[in-house]
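Enquirer: File follows, upload.cif with mmCIF, C-alpha atoms:
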```cif
data_model
loop_
_atom_site.label_atom_id
_atom_site.label_comp_id
_atom_site.auth_asym_id
_atom_site.auth_seq_id
_atom_site.Cartn_x
_atom_site.Cartn_y
_atom_site.Cartn_z
CA MET A 766 31.48 -4.58 5.55
CA SER A 767 27.83 -3.72 5.11
CA PHE A 768 25.52 -4.91 2.38
CA SER A 769 22.98 -2.84 0.52
CA LEU A 770 19.30 -3.08 1.36
CA ASP A 771 18.49 -2.53 -2.31
CA THR A 772 17.14 -5.34 -4.44
CA PRO A 773 20.23 -7.15 -5.80
CA SER A 774 21.36 -5.99 -9.22
CA ILE A 775 24.70 -5.69 -10.95
CA LEU A 776 24.83 -2.05 -9.91
CA THR A 777 24.37 -2.84 -6.20
CA LEU A 778 26.91 -5.70 -6.28
CA LYS A 779 29.48 -3.42 -7.93
CA SER A 780 28.86 -0.81 -5.22
CA GLU A 781 29.38 -3.43 -2.54
CA ALA A 782 32.61 -4.58 -4.23
CA LYS A 783 33.91 -1.00 -4.24
CA ALA A 784 33.08 -0.63 -0.54
CA LEU A 785 34.88 -3.93 0.19
CA ARG A 786 37.98 -2.76 -1.71
CA ASP A 787 37.97 0.53 0.24
CA GLU A 788 37.66 -1.32 3.58
CA ARG A 789 40.46 -3.72 2.71
CA ALA A 790 42.72 -0.89 1.53
CA LYS A 791 42.21 0.96 4.84
CA ALA A 792 43.00 -2.24 6.73
CA GLY A 793 46.25 -2.66 4.79
CA THR A 794 45.15 -5.73 2.81
CA PRO A 795 44.41 -4.40 -0.68
CA LEU A 796 42.12 -6.38 -2.95
CA THR A 797 41.86 -6.22 -6.73
CA HIS A 798 38.60 -5.18 -8.33
CA GLY A 799 38.08 -8.66 -9.81
CA ALA A 800 38.72 -10.38 -6.49
CA ALA A 801 36.28 -8.03 -4.74
CA LEU A 802 33.59 -8.84 -7.33
CA GLU A 803 34.15 -12.57 -6.75
CA VAL A 804 33.87 -12.20 -2.95
CA ILE A 805 30.64 -10.19 -3.23
CA ALA A 806 29.11 -12.61 -5.75
CA LYS A 807 29.80 -15.53 -3.40
CA ALA A 808 28.39 -13.59 -0.45
CA HIS A 809 25.12 -13.28 -2.40
CA GLY A 810 25.02 -17.04 -3.10
CA PHE A 811 26.46 -17.16 -6.62
CA CYS A 812 29.36 -19.48 -7.46
CA ASP A 813 31.29 -16.65 -9.14
CA TRP A 814 31.00 -13.15 -10.61
CA ASN A 815 30.21 -14.39 -14.14
CA THR A 816 27.21 -16.34 -12.85
CA ALA A 817 25.93 -13.32 -10.91
CA ARG A 818 26.45 -11.12 -13.99
CA ALA A 819 24.44 -13.51 -16.14
CA MET A 820 21.57 -13.90 -13.67
CA LEU A 821 21.06 -10.39 -12.32
CA PRO A 822 19.70 -7.36 -14.16
CA GLU A 823 21.83 -4.24 -14.57
CA ARG A 824 19.34 -2.21 -12.52
CA VAL A 825 16.02 -2.97 -10.86
CA ALA A 826 13.11 -0.55 -10.69
CA THR A 827 12.23 -0.80 -7.02
CA PRO A 828 8.98 0.84 -5.98
CA PHE A 829 9.90 0.84 -2.29
CA GLN A 830 13.01 0.65 -0.15
CA VAL A 831 13.49 -0.63 3.38
CA GLY A 832 13.06 2.25 5.81
CA TRP A 833 10.65 4.29 3.69
CA ARG A 834 7.45 5.62 5.22
CA VAL A 835 4.40 4.59 3.19
CA LYS A 836 0.64 5.14 3.15
CA GLY A 837 -2.17 3.51 1.27
CA THR A 838 -4.98 1.01 1.67
CA TYR A 839 -5.26 -2.64 2.62
CA LEU A 840 -8.63 -4.32 2.02
CA SER A 841 -10.00 -0.77 1.63
CA HIS A 842 -8.75 0.26 5.11
CA PRO A 843 -6.36 3.25 5.24
CA ILE A 844 -2.85 2.31 6.44
CA LYS A 845 0.44 4.04 7.25
CA GLY A 846 3.69 2.45 8.22
CA LEU A 847 7.34 1.63 7.64
CA VAL A 848 8.69 -0.69 4.94
CA VAL A 849 10.65 -3.43 6.73
CA ALA A 850 11.36 -5.82 3.84
CA VAL A 851 11.40 -5.79 0.03
CA GLN A 852 12.03 -8.88 -2.08
CA LEU A 853 12.16 -9.01 -5.88
CA MET A 854 9.96 -11.81 -7.21
CA SER A 855 11.20 -14.23 -9.88
CA ASP A 856 9.21 -12.52 -12.67
CA MET A 857 11.36 -9.38 -12.10
CA GLN A 858 8.15 -7.29 -12.29
CA HIS A 859 6.73 -7.66 -8.77
CA HIS A 860 8.07 -7.19 -5.25
CA LYS A 861 7.00 -8.74 -1.98
CA VAL A 862 6.76 -5.82 0.44
CA SER A 863 6.35 -6.05 4.22
CA VAL A 864 5.04 -3.03 6.11
CA LYS A 865 5.09 -2.52 9.89
CA LEU A 866 1.94 -0.48 10.53
CA ASP A 867 1.69 2.54 12.81
CA GLU A 868 -1.79 1.42 13.89
CA PRO A 869 -3.14 -2.16 13.66
CA VAL A 870 -5.70 -2.77 10.90
CA ASP A 871 -8.68 -5.14 11.06
CA VAL A 872 -8.37 -7.58 8.16
CA VAL A 873 -11.82 -9.10 8.68
CA THR A 874 -15.05 -7.58 7.36
CA SER A 875 -17.29 -9.60 9.68
CA GLN A 876 -19.04 -7.85 12.56
CA LEU A 877 -18.87 -11.06 14.62
CA PHE A 878 -15.11 -10.95 15.22
CA SER A 879 -11.96 -9.02 14.44
CA ALA A 880 -8.42 -9.90 13.43
CA PHE A 881 -6.03 -7.01 13.80
CA ARG A 882 -2.65 -7.04 12.08
CA LYS A 883 0.36 -4.88 12.90
CA ARG A 884 2.45 -6.13 9.95
CA LEU A 885 1.28 -6.78 6.40
CA THR A 886 3.05 -8.48 3.49
CA SER A 887 1.79 -8.25 -0.05
CA THR A 888 3.03 -8.66 -3.61
CA LEU A 889 3.05 -5.31 -5.45
CA ASP A 890 3.85 -4.17 -8.98
CA ILE A 891 6.22 -1.26 -9.71
CA TYR A 892 3.31 1.16 -9.22
CA GLY A 893 2.61 -0.08 -5.68
CA VAL A 894 -0.60 -1.91 -6.60
CA SER A 895 -1.30 -5.53 -5.69
CA PRO A 896 -2.32 -7.86 -8.53
CA ALA A 897 -4.44 -9.77 -5.97
CA ARG A 898 -8.01 -8.48 -5.84
CA THR A 899 -10.74 -8.39 -3.23
CA GLY A 900 -14.23 -9.70 -3.89
CA ASP A 901 -15.35 -6.35 -5.31
CA GLY A 902 -12.41 -6.21 -7.76
CA GLN A 903 -10.31 -3.66 -5.84
CA PRO A 904 -6.57 -4.29 -5.33
CA GLN A 905 -5.83 -5.99 -2.03
CA MET A 906 -3.15 -3.38 -1.25
CA ARG A 907 -2.13 0.00 -2.66
CA LEU A 908 0.96 1.81 -1.37
CA THR A 909 2.63 5.14 -2.07
CA ARG A 910 5.56 6.86 -0.45
CA GLU A 911 4.45 9.14 2.37
#
```
Would you write out, as structure tokens, the structure that this file holds?

Expert:
Amino acid sequence: MSFSLDTPSILTLKSEAKALRDERAKAGTPLTHGAALEVIAKAHGFCDWNTARAMLPERVATPFQVGWRVKGTYLSHPIKGLVVAVQLMSDMQHHKVSVKLDEPVDVVTSQLFSAFRKRLTSTLDIYGVSPARTGDGQPQMRLTRE
């Protein structure tokens, strides 16, 4: 059984339950819809389906998905890369997004030394803009789908 890389929502858990039922039916051990929902809820760390249903939104607007190619800026430097992780934050409005960069980016503005990063993680809103700001008031990171 494989789990979705989407941000958990009722819709994704129901899809996973359907996939589990299909797998079990092919293996000759059928599972009821309710039992499949319970198994999936527990696999995601909830004590039962009702708890998962109460805590998760129906759908989540996700600005980025794992595996997407993205471009944008980080500390005003142009970047391109691959989204390797997306996590919904507790406010349900922001996502922590990790990007593996095609080319390392220097995250230091000093001319005395450099600090290159190949992977960046930042909190972004649903528009791909970081609420964190640099000293000149610009967003720390901006991302769009490539």

Enquirer: What does the PyMOL selection byres ((chain A and resi 830-844) around 6) select in this file, as a PyMOL selection string?

Expert: chain A and resi 829+845-850+905-911

Enquirer: Could you tell me which residues the PyMOL selection byres ((chain A and resi 863) around 8) grabs in this file, written as a VMD selection string?

Expert: chain A and resid 848 to 851 861 to 862 864 to 865 884 to 887

Enquirer: Residues within 6 Å of stretch 792-805 of chain A, please, as a list of chain:residue names. Count all atoms listed in the file; anything in the same chain fewer than 3 positions from it doesn't count.

Expert: A:Ala782, A:Arg786, A:Arg789, A:Ala808, A:Asp813, A:Trp814

Enquirer: Between A:Thr874, A:Leu853, A:Pro869, A:His859, which is the closest to A:Gly900 once you count all atoms listed in the file?

Expert: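 Among A:Thr874, A:Leu853, A:Pro869, A:His859, it is A:Thr874 that comes nearest to A:Gly900.
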
Enquirer: Work out how far apart atom CA of A:Thr777 and atom CA of A:Ser855 are and give it in Å to one decimal.

Expert: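 Interatomic distance here is 17.8 Å.
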